[in-house]
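S.K.: Before I ask anything, let me first share the structure, which is written out below as structure tokens.
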Protein chains: 2
Amino acid sequence: MNSKLPLPKVVVVGGGTGTFVALKGLKEHPVDLTAIVTMADSGGSNKRIRDEFGLLPTSDIRQCFVALADENGGLGLMRSLFMYRFEKGRGIAGMTFGNLFMAALAEILGSQAEAIRQTRKVLRIKGKVIPVSYTDTNLSARYEDGHVVAEEHLIDEPEHDGTLKITDVFLTPKAKASPEAIDAIKQADLVVLGPGDLYTSLIPNLLVEGIPDALASTKATIVYVLNLMTKYGQTYQYSAADHLRALEGYIDKRINAVLVNTGTIPKRALAVYAKSHEVPVADDITNGKPYRVVRTDLVSDRLVTKSKSDALVRSLIRHDNGKLANALMHMLRSSS
Amino acid sequence: MNSKLPLPKVVVVGGGTGTFVALKGLKEHPVDLTAIVTMADSGGSNKRIRDEFGLLPTSDIRQCFVALADENGGLGLMRSLFMYRFEKGRGIAGMTFGNLFMAALAEILGSQAEAIRQTRKVLRIKGKVIPVSYTDTNLSARYEDGHVVAEEHLIDEPEHDGTLKITDVFLTPKAKASPEAIDAIKQADLVVLGPGDLYTSLIPNLLVEGIPDALASTKATIVYVLNLMTKYGQTYQYSAADHLRALEGYIDKRINAVLVNTGTIPKRALAVYAKSHEVPVADDITNGKPYRVVRTDLVSDRLVTKSKSDALVRSLIRHDNGKLANALMHMLRSSS
């Protein structure tokens with residue numbers, strides 16, 4: 001075995017907490033790791049970065065940097081700072097330090113793209129974090145009753161009846177993929193879609209012009225990591241097949257494998273989710289599908305509670321970063 | 001010559017632009033460098049750090065970090081960030097990144113003192129920056145007509161007739177010196193007082209309980225760097241002897257040497273200052289004084305204009321950091 005072989009290239013596509021977990025697990029393995037991140041967020045700190053600084057939203061990028069940052073080295077303090085959300089200061093409370101860091105750097109360097117690249121250097125991160133697009137765009141969702149909601153955070157936390165099904169999502173204006181994102185997908189050995197909120201974290205990446213083509217032409221194995229739980233207002237009562245059907249609507253049949261959890265989700269957590277009409281995604285994937293289905297225990301044993309900094313967690317039940325990374329590494333080895 | 005001899009210890013006492021210049025010059029020399037910095041600032045970004053974050057003001061500390069930071073190394077970007085003042089964002093515009101950095105770190109670490117120590121590590125600064133005190137205090141000035149002004153920034157930029165003479169300045173409440181500041185002075189080989197605004201940058205350090213005693217007991221050579229120009233509202237029409245008299249009122253006769261500029265100040269700059277009733281400090285120091293008087297060219301040839309970031313400069317005429325450092329190093333060698 002030649003130790004000078006280039007590391008296998010793994011690209012994680014998403015943006016939210018699920019991507020955080022995938023990166024945190026994969027960074028412990030010998031891979032060349034890249035995150036491609038949605039840029040259509042519109043809530044909270046992101047809204048202010050967009051409206052007041054005239055920049056693209058960076059919260060998802062910030063979370064990826066935190067996931068990839070060295071937790072033990074001398075830069076642990078910078079990682080803590082990146083996660084920190086100000087609690088004091090008129091007009092400052094609620095903003096995250098990481099977003100302000102990247103905003104200041106964008107002003108100094110005259111380019112947000114360059115600011116994101118340099119942030120990686122300042123934090124000495126080995127992986128790459130790439131915005132899927134530099135187009136200033138907004139996510140909209142159309143529902144089965146015909147009405148349209150035009151901001152990502154209102155899709156994520158809808159004000160209407162959460163049982164309404166989404167018929168499609170789209171970007172306004174249309175967004176063009178960043179060349180770095182296209183290159184990363186084309187050169188990848190493994191592309192990981194998800195885990196993450198289907199319509200607000202994962203699919204927004206697939207709406208960007210150039211991304212479906214890159215996924216169609218890459219020689220990489222494309223793995224979809226199925227969500228553990230349904231999400232009220234977004235994937236209410238969705239089964240595994242419903243998730244796949246929605247996804248394939250945006251990238252045709254180009255999925256090689258689906259990773260499905262078989263681990264037991266703690267009852268105490270299920271009770272909390274049930275109150276929000278959220279249940280484990282039912283595994284109704286039948287044989288004879290054009291993709292491999294890998295069923296294994298992927299769930300975290302630890303129940304995670306909301307953290308003040310919110311950089312880490314938004315839900316009680318999540319994938320275990322170690323189990324998920326092991327399953328993905330196994331797929332990488334078995335596909336090559 | 002033994003190359004393992006400890007480096008001579010140089011302590012610069014002050015806080016403003018003058019201290020910035022002294023540190024920037026001295027960091028190029030083989031010395032163990034420490035800045036002791038006033039913590040009684042009350043204007044702008046500092047006011048918000050005090051009022052809204054409940055922390056001590058850090059703008060002077062921030063400037064010292066910028067002065068000491070490596071300008072060429074990979075951390076040049078962190079230096080630029082530390083100097084950066086936000087121009088956008090409601091409630092954020094006007095704040096400096098460096099102050100927000102130290103405020104976030106103080107919250108994370110639960111201690112502003114520790115935050116200042118860790119900032120030094122993050123920026124990989126060789127010298128030390130020490131707050132003269134951790135007491136939450138305010139500077140007041142009493143004027144010859146009896147009225148008192150109770151905030152540093154109102155003394156610095158007075159709303160009354162600027163020809164009024166200050167009779168004395170004091171801190172409310174009384175402040176206690178930080179143990180690190182006392183140690184640094186006691187162990188120093190050379191203590192540099194100034195250059196800097198006499199009543200708002202230099203003397204506020206000497207008002208802190210413990211500092212005059214430390215200056216009285218140290219074996220260090222104490223050098224006072226005389227200001228180049230008078231300052232309207234603070235040292236209007238002050239001669240060199242007036243500066244020394246004011247200073248000695250706070251630390252008795254404990255000055256070993258005075259460094260006086262003999263270089264020519266560019267006429268174009270003089271004209272700008274004259275409009276604000278500010279003139280070069282007249283050298284009226286006579287022979288037979290209890291201190292050595294060193295007269296040499298210390299003035300910068302370059303006329304400095306106000307910078308947007310304001311971290312560097314506030315005035316057109318300033319000491320040249322190279323010339324000042326050379327003169328101080330000469331004193332250090334000739335006194336040992």
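Ligands are numbered from 1 in the order shown, chains are lettered A, B, ... in the order of the structure tokens, and residues start at 1 in each chain.
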If chain B is fitted onto chain A by least squares over all C-alpha atoms, taken pair by pair in sequence order, what do its new coordinates look like as a compact mmCIF listing (two decimals) with C-alpha atoms, in the first residue's frame?

M.R.:
# COMPACT_ATOMS: atom_id res chain seq x y z
CA MET B 1 -0.08 -0.03 0.16
CA ASN B 2 1.29 3.31 -0.87
CA SER B 3 0.92 5.86 1.90
CA LYS B 4 1.30 8.63 -0.66
CA LEU B 5 -1.97 7.77 -2.39
CA PRO B 6 -4.21 10.84 -2.37
CA LEU B 7 -6.89 10.73 0.30
CA PRO B 8 -10.37 9.81 -0.93
CA LYS B 9 -12.47 12.90 -1.55
CA VAL B 10 -15.69 13.10 0.42
CA VAL B 11 -18.20 15.89 -0.18
CA VAL B 12 -21.05 16.52 2.26
CA VAL B 13 -23.96 18.49 0.83
CA GLY B 14 -26.39 20.24 3.17
CA GLY B 15 -26.06 23.00 5.69
CA GLY B 16 -27.76 22.41 9.03
CA THR B 17 -27.17 20.33 12.13
CA GLY B 18 -27.11 17.10 10.11
CA THR B 19 -24.15 18.35 8.11
CA PHE B 20 -22.46 19.39 11.36
CA VAL B 21 -22.77 15.82 12.64
CA ALA B 22 -21.54 14.26 9.39
CA LEU B 23 -18.48 16.56 9.28
CA LYS B 24 -17.68 16.04 12.94
CA GLY B 25 -17.65 12.27 12.37
CA LEU B 26 -15.83 12.24 9.05
CA LYS B 27 -13.03 14.60 10.13
CA GLU B 28 -11.68 11.78 12.33
CA HIS B 29 -11.10 9.63 9.22
CA PRO B 30 -8.36 9.86 6.57
CA VAL B 31 -10.41 11.69 3.95
CA ASP B 32 -10.16 14.92 1.97
CA LEU B 33 -13.31 16.54 3.31
CA THR B 34 -15.45 19.27 1.74
CA ALA B 35 -18.78 20.71 2.84
CA ILE B 36 -21.06 22.32 0.27
CA VAL B 37 -23.49 24.55 2.07
CA THR B 38 -26.82 26.15 1.24
CA MET B 39 -26.84 29.95 1.21
CA ALA B 40 -30.59 30.60 1.28
CA ASP B 41 -31.03 30.98 5.05
CA SER B 42 -33.05 33.96 6.09
CA GLY B 43 -33.65 33.84 9.85
CA GLY B 44 -32.14 35.61 12.87
CA SER B 45 -28.46 36.48 12.62
CA ASN B 46 -28.55 35.55 8.91
CA LYS B 47 -31.30 38.05 8.20
CA ARG B 48 -29.19 40.85 9.67
CA ILE B 49 -26.10 39.74 7.76
CA ARG B 50 -28.19 39.93 4.59
CA ASP B 51 -30.21 43.09 5.26
CA GLU B 52 -27.71 45.26 7.12
CA PHE B 53 -24.35 44.08 5.80
CA GLY B 54 -25.49 43.25 2.26
CA LEU B 55 -23.73 39.89 2.51
CA LEU B 56 -24.84 36.32 1.97
CA PRO B 57 -25.96 34.43 5.10
CA THR B 58 -23.14 32.62 6.86
CA SER B 59 -24.68 30.70 9.79
CA ASP B 60 -24.51 27.34 8.03
CA ILE B 61 -20.91 28.02 6.99
CA ARG B 62 -20.08 29.02 10.54
CA GLN B 63 -21.47 25.71 11.85
CA CYS B 64 -19.35 23.76 9.39
CA PHE B 65 -16.23 25.64 10.47
CA VAL B 66 -17.02 24.77 14.09
CA ALA B 67 -17.55 21.11 13.15
CA LEU B 68 -14.22 20.95 11.32
CA ALA B 69 -12.16 22.99 13.80
CA ASP B 70 -9.61 21.29 15.99
CA GLU B 71 -11.17 20.76 19.41
CA ASN B 72 -7.96 20.02 21.26
CA GLY B 73 -5.35 22.27 19.71
CA GLY B 74 -4.42 25.80 20.62
CA LEU B 75 -7.19 27.12 18.45
CA GLY B 76 -9.90 25.66 20.70
CA LEU B 77 -10.61 29.19 21.86
CA MET B 78 -11.29 30.40 18.32
CA ARG B 79 -13.70 27.49 17.94
CA SER B 80 -15.52 28.55 21.12
CA LEU B 81 -15.64 32.12 19.85
CA PHE B 82 -17.09 30.98 16.54
CA MET B 83 -19.90 29.22 18.40
CA TYR B 84 -20.52 32.15 20.73
CA ARG B 85 -23.78 34.09 20.45
CA PHE B 86 -23.71 37.51 22.11
CA GLU B 87 -26.18 37.89 24.98
CA LYS B 88 -25.47 41.54 25.70
CA GLY B 89 -25.26 44.80 23.76
CA ARG B 90 -28.03 46.73 22.03
CA GLY B 91 -28.09 45.52 18.43
CA ILE B 92 -25.40 42.97 19.23
CA ALA B 93 -27.25 40.48 21.44
CA GLY B 94 -28.41 37.57 19.27
CA MET B 95 -25.59 37.94 16.74
CA THR B 96 -23.00 35.20 16.59
CA PHE B 97 -19.34 36.05 16.85
CA GLY B 98 -18.58 33.81 13.86
CA ASN B 99 -20.95 35.73 11.60
CA LEU B 100 -19.49 39.07 12.72
CA PHE B 101 -16.00 37.67 12.18
CA MET B 102 -16.80 36.74 8.58
CA ALA B 103 -18.65 40.05 7.98
CA ALA B 104 -15.64 42.08 9.19
CA LEU B 105 -13.30 39.99 7.08
CA ALA B 106 -15.52 40.44 4.01
CA GLU B 107 -15.26 44.23 4.45
CA ILE B 108 -11.49 44.11 4.97
CA LEU B 109 -10.85 41.82 2.00
CA GLY B 110 -13.55 43.30 -0.21
CA SER B 111 -14.97 39.87 -1.01
CA GLN B 112 -17.13 37.48 0.97
CA ALA B 113 -15.79 34.50 -1.00
CA GLU B 114 -12.25 35.44 -0.02
CA ALA B 115 -13.37 36.03 3.58
CA ILE B 116 -14.73 32.48 3.77
CA ARG B 117 -11.48 31.10 2.32
CA GLN B 118 -9.35 33.09 4.76
CA THR B 119 -11.51 32.12 7.75
CA ARG B 120 -10.57 28.55 7.03
CA LYS B 121 -6.90 29.55 7.24
CA VAL B 122 -7.32 31.54 10.44
CA LEU B 123 -9.03 28.56 12.07
CA ARG B 124 -6.48 26.21 10.45
CA ILE B 125 -9.14 23.87 9.20
CA LYS B 126 -8.08 20.96 7.05
CA GLY B 127 -11.36 20.48 5.24
CA LYS B 128 -13.05 22.97 2.92
CA VAL B 129 -16.35 24.78 3.38
CA ILE B 130 -17.82 25.99 0.09
CA PRO B 131 -20.97 28.06 -0.44
CA VAL B 132 -23.11 26.25 -3.00
CA SER B 133 -23.67 29.65 -4.67
CA TYR B 134 -22.79 33.31 -4.32
CA THR B 135 -26.12 34.42 -5.74
CA ASP B 136 -28.24 36.47 -3.35
CA THR B 137 -31.36 34.32 -3.46
CA ASN B 138 -34.36 33.30 -1.40
CA LEU B 139 -36.03 29.95 -0.95
CA SER B 140 -39.78 29.69 -1.60
CA ALA B 141 -42.12 26.77 -0.98
CA ARG B 142 -45.43 26.09 -2.69
CA TYR B 143 -47.99 24.06 -0.69
CA GLU B 144 -50.75 21.69 -1.76
CA ASP B 145 -53.39 24.41 -1.22
CA GLY B 146 -51.54 26.61 -3.72
CA HIS B 147 -50.12 29.23 -1.35
CA VAL B 148 -46.46 30.18 -1.47
CA VAL B 149 -44.14 31.06 1.43
CA ALA B 150 -41.15 33.09 0.31
CA GLU B 151 -38.58 32.94 3.09
CA GLU B 152 -36.54 30.03 4.35
CA HIS B 153 -37.14 30.64 8.06
CA LEU B 154 -40.91 30.80 7.48
CA ILE B 155 -40.75 27.42 5.70
CA ASP B 156 -38.66 26.04 8.54
CA GLU B 157 -41.05 27.36 11.17
CA PRO B 158 -44.34 27.81 9.28
CA GLU B 159 -47.16 30.00 10.51
CA HIS B 160 -49.75 27.89 8.66
CA ASP B 161 -51.09 24.39 9.43
CA GLY B 162 -48.02 22.14 9.54
CA THR B 163 -49.82 19.19 8.02
CA LEU B 164 -49.98 20.99 4.66
CA LYS B 165 -47.73 19.23 2.17
CA ILE B 166 -45.07 21.05 0.18
CA THR B 167 -45.52 20.47 -3.56
CA ASP B 168 -42.29 22.15 -4.60
CA VAL B 169 -39.55 24.55 -3.54
CA PHE B 170 -37.67 27.03 -5.73
CA LEU B 171 -35.14 29.86 -5.57
CA THR B 172 -35.88 33.49 -6.46
CA PRO B 173 -33.89 34.70 -8.28
CA LYS B 174 -32.32 31.62 -9.83
CA ALA B 175 -28.91 30.89 -8.35
CA LYS B 176 -25.75 29.81 -10.15
CA ALA B 177 -23.42 27.28 -8.54
CA SER B 178 -20.02 28.46 -7.34
CA PRO B 179 -17.30 26.95 -9.55
CA GLU B 180 -15.62 25.52 -6.45
CA ALA B 181 -18.79 23.60 -5.56
CA ILE B 182 -19.06 22.10 -9.06
CA ASP B 183 -15.37 21.12 -9.03
CA ALA B 184 -15.66 19.51 -5.61
CA ILE B 185 -18.62 17.35 -6.68
CA LYS B 186 -17.01 16.37 -9.99
CA GLN B 187 -13.78 15.30 -8.32
CA ALA B 188 -15.42 13.52 -5.37
CA ASP B 189 -15.22 9.82 -4.59
CA LEU B 190 -18.22 9.96 -2.27
CA VAL B 191 -21.01 12.56 -2.15
CA VAL B 192 -23.13 12.54 0.99
CA LEU B 193 -26.58 14.12 0.72
CA GLY B 194 -27.87 14.96 4.18
CA PRO B 195 -28.78 14.24 6.84
CA GLY B 196 -30.75 17.43 7.32
CA ASP B 197 -34.07 19.15 6.83
CA LEU B 198 -35.18 17.97 3.41
CA TYR B 199 -36.70 21.17 2.02
CA THR B 200 -34.69 23.83 3.87
CA SER B 201 -31.17 22.34 4.15
CA LEU B 202 -30.67 19.64 1.53
CA ILE B 203 -32.85 20.42 -1.51
CA PRO B 204 -31.92 24.17 -1.62
CA ASN B 205 -28.47 22.99 -2.75
CA LEU B 206 -30.00 20.95 -5.55
CA LEU B 207 -32.00 23.95 -6.81
CA VAL B 208 -28.80 25.77 -7.73
CA GLU B 209 -28.04 25.75 -11.46
CA GLY B 210 -25.09 23.50 -12.16
CA ILE B 211 -25.40 21.25 -9.11
CA PRO B 212 -27.75 18.61 -10.63
CA ASP B 213 -25.49 18.42 -13.71
CA ALA B 214 -22.40 18.04 -11.52
CA LEU B 215 -24.16 15.23 -9.61
CA ALA B 216 -25.17 13.59 -12.89
CA SER B 217 -21.64 13.63 -14.27
CA THR B 218 -19.53 12.81 -11.21
CA LYS B 219 -18.09 9.32 -10.86
CA ALA B 220 -18.62 9.57 -7.10
CA THR B 221 -20.88 7.23 -5.21
CA ILE B 222 -23.85 9.31 -4.09
CA VAL B 223 -25.30 8.37 -0.71
CA TYR B 224 -28.47 9.81 0.72
CA VAL B 225 -28.61 9.74 4.50
CA LEU B 226 -32.28 9.38 5.38
CA ASN B 227 -33.57 11.55 8.22
CA LEU B 228 -34.37 9.88 11.54
CA MET B 229 -37.57 11.81 12.17
CA THR B 230 -40.29 13.52 10.19
CA LYS B 231 -40.58 17.28 10.55
CA TYR B 232 -43.93 18.94 11.11
CA GLY B 233 -44.58 21.62 8.49
CA GLN B 234 -42.02 20.17 6.14
CA THR B 235 -42.12 16.36 5.94
CA TYR B 236 -45.23 15.60 7.99
CA GLN B 237 -46.02 11.86 7.76
CA TYR B 238 -43.30 11.33 5.15
CA SER B 239 -42.07 7.76 4.83
CA ALA B 240 -38.61 6.84 3.56
CA ALA B 241 -40.04 6.42 0.06
CA ASP B 242 -41.66 9.87 0.29
CA HIS B 243 -38.28 11.41 1.14
CA LEU B 244 -36.65 9.68 -1.81
CA ARG B 245 -39.43 10.64 -4.19
CA ALA B 246 -39.11 14.30 -3.18
CA LEU B 247 -35.34 14.20 -3.54
CA GLU B 248 -35.41 12.45 -6.90
CA GLY B 249 -37.71 15.15 -8.20
CA TYR B 250 -34.72 17.47 -8.08
CA ILE B 251 -31.86 15.22 -9.17
CA ASP B 252 -33.57 12.49 -11.15
CA LYS B 253 -32.51 8.92 -10.30
CA ARG B 254 -28.90 9.74 -9.46
CA ILE B 255 -28.65 8.16 -6.00
CA ASN B 256 -26.47 5.07 -5.54
CA ALA B 257 -27.25 4.24 -1.96
CA VAL B 258 -29.53 5.11 0.92
CA LEU B 259 -28.42 4.92 4.51
CA VAL B 260 -31.29 3.98 6.83
CA ASN B 261 -31.20 3.89 10.60
CA THR B 262 -32.25 0.70 12.38
CA GLY B 263 -31.15 1.77 15.86
CA THR B 264 -33.70 2.29 18.58
CA ILE B 265 -34.69 5.85 19.31
CA PRO B 266 -35.08 6.45 23.07
CA LYS B 267 -38.73 6.47 24.15
CA ARG B 268 -38.34 9.61 26.21
CA ALA B 269 -37.28 11.56 23.13
CA LEU B 270 -40.09 10.06 21.04
CA ALA B 271 -42.61 11.44 23.50
CA VAL B 272 -41.21 14.96 23.09
CA TYR B 273 -41.36 14.70 19.30
CA ALA B 274 -44.87 13.22 19.32
CA LYS B 275 -46.15 16.44 20.89
CA SER B 276 -45.00 18.22 17.70
CA HIS B 277 -46.56 15.53 15.48
CA GLU B 278 -43.11 14.22 14.60
CA VAL B 279 -42.38 10.49 14.37
CA PRO B 280 -39.54 8.23 13.19
CA VAL B 281 -39.41 8.00 9.39
CA ALA B 282 -41.08 4.71 8.42
CA ASP B 283 -38.79 2.43 6.44
CA ASP B 284 -41.03 1.43 3.50
CA ILE B 285 -38.26 1.06 0.92
CA THR B 286 -38.93 -2.16 -0.99
CA ASN B 287 -36.50 -4.41 -2.80
CA GLY B 288 -35.79 -3.92 -6.48
CA LYS B 289 -34.93 -0.24 -6.17
CA PRO B 290 -32.18 1.17 -8.40
CA TYR B 291 -30.06 1.94 -5.35
CA ARG B 292 -28.41 0.00 -2.60
CA VAL B 293 -30.14 0.24 0.78
CA VAL B 294 -27.87 0.03 3.80
CA ARG B 295 -29.64 -0.49 7.09
CA THR B 296 -27.63 -0.02 10.27
CA ASP B 297 -27.71 1.60 13.69
CA LEU B 298 -26.98 5.30 13.19
CA VAL B 299 -28.74 6.94 16.10
CA SER B 300 -26.97 8.72 18.93
CA ASP B 301 -27.46 7.19 22.35
CA ARG B 302 -27.18 10.57 23.98
CA LEU B 303 -30.22 12.77 24.10
CA VAL B 304 -29.04 16.20 23.12
CA THR B 305 -30.70 19.23 24.61
CA LYS B 306 -30.72 22.66 23.05
CA SER B 307 -27.51 24.48 23.71
CA LYS B 308 -27.32 28.19 24.46
CA SER B 309 -24.88 28.75 21.65
CA ASP B 310 -27.08 26.78 19.23
CA ALA B 311 -24.07 26.05 17.07
CA LEU B 312 -24.26 22.39 17.87
CA VAL B 313 -27.78 21.18 18.24
CA ARG B 314 -31.33 22.01 17.52
CA SER B 315 -33.00 18.72 18.25
CA LEU B 316 -33.08 16.00 20.83
CA ILE B 317 -32.60 13.09 18.46
CA ARG B 318 -29.74 13.04 16.05
CA HIS B 319 -27.37 10.82 14.14
CA ASP B 320 -24.32 9.67 16.05
CA ASN B 321 -21.34 11.26 14.34
CA GLY B 322 -19.12 8.22 14.92
CA LYS B 323 -21.65 5.66 13.69
CA LEU B 324 -22.61 7.77 10.68
CA ALA B 325 -18.98 8.32 9.70
CA ASN B 326 -18.18 4.60 10.07
CA ALA B 327 -21.12 3.69 7.82
CA LEU B 328 -20.06 6.26 5.22
CA MET B 329 -16.42 5.09 5.31
CA HIS B 330 -17.64 1.53 4.81
CA MET B 331 -19.56 2.65 1.73
CA LEU B 332 -16.54 4.51 0.43
CA ARG B 333 -14.37 1.39 0.74
CA SER B 334 -16.96 -1.01 -0.69
CA SER B 335 -17.65 1.21 -3.69
CA SER B 336 -14.07 1.74 -4.80

S.K.: For the structure I just gave you, how does DSSP split range 92-200 of chain B - specifically, which residues are strand (DSSP E)? Reply as a PyMOL selection string.

M.R.: chain B and resi 128-131+138-143+148-149+166-172+190-193

S.K.: Based on the backbone DSSP call, show me all residues of range 97-303 of chain A assigned helix (DSSP H, G or I), as a PyMOL selection string.

M.R.: chain A and resi 97-109+112-122+152-156+179-186+198-206+211-217+240-251+267-275

S.K.: Keeping only C-alpha atoms, write the selected residues as a PDB file, in the first residue's frame.

M.R.:
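New file again-v2.pdb:
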ATOM      1  CA  PHE A  97     -19.340  36.048  16.837  1.00  0.00           C
ATOM      2  CA  GLY A  98     -18.584  33.805  13.854  1.00  0.00           C
ATOM      3  CA  ASN A  99     -20.947  35.724  11.582  1.00  0.00           C
ATOM      4  CA  LEU A 100     -19.478  39.064  12.706  1.00  0.00           C
ATOM      5  CA  PHE A 101     -15.979  37.656  12.167  1.00  0.00           C
ATOM      6  CA  MET A 102     -16.784  36.722   8.567  1.00  0.00           C
ATOM      7  CA  ALA A 103     -18.616  40.026   7.973  1.00  0.00           C
ATOM      8  CA  ALA A 104     -15.614  42.056   9.174  1.00  0.00           C
ATOM      9  CA  LEU A 105     -13.274  39.966   7.064  1.00  0.00           C
ATOM     10  CA  ALA A 106     -15.495  40.421   3.992  1.00  0.00           C
ATOM     11  CA  GLU A 107     -15.222  44.205   4.445  1.00  0.00           C
ATOM     12  CA  ILE A 108     -11.455  44.094   4.956  1.00  0.00           C
ATOM     13  CA  LEU A 109     -10.819  41.790   1.993  1.00  0.00           C
ATOM     14  CA  GLN A 112     -17.108  37.462   0.961  1.00  0.00           C
ATOM     15  CA  ALA A 113     -15.778  34.491  -1.011  1.00  0.00           C
ATOM     16  CA  GLU A 114     -12.238  35.430  -0.029  1.00  0.00           C
ATOM     17  CA  ALA A 115     -13.357  36.024   3.577  1.00  0.00           C
ATOM     18  CA  ILE A 116     -14.725  32.463   3.769  1.00  0.00           C
ATOM     19  CA  ARG A 117     -11.478  31.085   2.319  1.00  0.00           C
ATOM     20  CA  GLN A 118      -9.353  33.084   4.767  1.00  0.00           C
ATOM     21  CA  THR A 119     -11.506  32.128   7.757  1.00  0.00           C
ATOM     22  CA  ARG A 120     -10.554  28.551   7.042  1.00  0.00           C
ATOM     23  CA  LYS A 121      -6.894  29.554   7.244  1.00  0.00           C
ATOM     24  CA  VAL A 122      -7.324  31.546  10.447  1.00  0.00           C
ATOM     25  CA  GLU A 152     -36.517  30.021   4.353  1.00  0.00           C
ATOM     26  CA  HIS A 153     -37.111  30.632   8.072  1.00  0.00           C
ATOM     27  CA  LEU A 154     -40.894  30.778   7.484  1.00  0.00           C
ATOM     28  CA  ILE A 155     -40.727  27.414   5.704  1.00  0.00           C
ATOM     29  CA  ASP A 156     -38.637  26.036   8.538  1.00  0.00           C
ATOM     30  CA  PRO A 179     -17.292  26.961  -9.541  1.00  0.00           C
ATOM     31  CA  GLU A 180     -15.619  25.527  -6.433  1.00  0.00           C
ATOM     32  CA  ALA A 181     -18.787  23.606  -5.563  1.00  0.00           C
ATOM     33  CA  ILE A 182     -19.047  22.113  -9.059  1.00  0.00           C
ATOM     34  CA  ASP A 183     -15.367  21.138  -9.016  1.00  0.00           C
ATOM     35  CA  ALA A 184     -15.661  19.515  -5.603  1.00  0.00           C
ATOM     36  CA  ILE A 185     -18.618  17.361  -6.681  1.00  0.00           C
ATOM     37  CA  LYS A 186     -17.004  16.393  -9.986  1.00  0.00           C
ATOM     38  CA  LEU A 198     -35.186  17.959   3.403  1.00  0.00           C
ATOM     39  CA  TYR A 199     -36.693  21.161   2.020  1.00  0.00           C
ATOM     40  CA  THR A 200     -34.685  23.816   3.868  1.00  0.00           C
ATOM     41  CA  SER A 201     -31.176  22.318   4.147  1.00  0.00           C
ATOM     42  CA  LEU A 202     -30.677  19.644   1.512  1.00  0.00           C
ATOM     43  CA  ILE A 203     -32.863  20.410  -1.523  1.00  0.00           C
ATOM     44  CA  PRO A 204     -31.930  24.148  -1.644  1.00  0.00           C
ATOM     45  CA  ASN A 205     -28.468  22.986  -2.745  1.00  0.00           C
ATOM     46  CA  LEU A 206     -29.998  20.937  -5.565  1.00  0.00           C
ATOM     47  CA  ILE A 211     -25.414  21.247  -9.125  1.00  0.00           C
ATOM     48  CA  PRO A 212     -27.743  18.605 -10.636  1.00  0.00           C
ATOM     49  CA  ASP A 213     -25.479  18.438 -13.719  1.00  0.00           C
ATOM     50  CA  ALA A 214     -22.404  18.040 -11.535  1.00  0.00           C
ATOM     51  CA  LEU A 215     -24.143  15.229  -9.615  1.00  0.00           C
ATOM     52  CA  ALA A 216     -25.152  13.602 -12.889  1.00  0.00           C
ATOM     53  CA  SER A 217     -21.627  13.642 -14.285  1.00  0.00           C
ATOM     54  CA  ALA A 240     -38.596   6.835   3.573  1.00  0.00           C
ATOM     55  CA  ALA A 241     -40.029   6.427   0.061  1.00  0.00           C
ATOM     56  CA  ASP A 242     -41.652   9.875   0.294  1.00  0.00           C
ATOM     57  CA  HIS A 243     -38.263  11.395   1.150  1.00  0.00           C
ATOM     58  CA  LEU A 244     -36.646   9.658  -1.806  1.00  0.00           C
ATOM     59  CA  ARG A 245     -39.447  10.611  -4.178  1.00  0.00           C
ATOM     60  CA  ALA A 246     -39.108  14.288  -3.183  1.00  0.00           C
ATOM     61  CA  LEU A 247     -35.347  14.192  -3.551  1.00  0.00           C
ATOM     62  CA  GLU A 248     -35.407  12.431  -6.916  1.00  0.00           C
ATOM     63  CA  GLY A 249     -37.708  15.140  -8.213  1.00  0.00           C
ATOM     64  CA  TYR A 250     -34.703  17.463  -8.076  1.00  0.00           C
ATOM     65  CA  ILE A 251     -31.858  15.192  -9.179  1.00  0.00           C
ATOM     66  CA  LYS A 267     -38.761   6.466  24.167  1.00  0.00           C
ATOM     67  CA  ARG A 268     -38.363   9.609  26.231  1.00  0.00           C
ATOM     68  CA  ALA A 269     -37.301  11.545  23.136  1.00  0.00           C
ATOM     69  CA  LEU A 270     -40.098  10.053  21.042  1.00  0.00           C
ATOM     70  CA  ALA A 271     -42.635  11.414  23.516  1.00  0.00           C
ATOM     71  CA  VAL A 272     -41.234  14.928  23.099  1.00  0.00           C
ATOM     72  CA  TYR A 273     -41.379  14.690  19.308  1.00  0.00           C
ATOM     73  CA  ALA A 274     -44.876  13.188  19.339  1.00  0.00           C
ATOM     74  CA  LYS A 275     -46.165  16.407  20.903  1.00  0.00           C
TER      75      LYS A 275
END
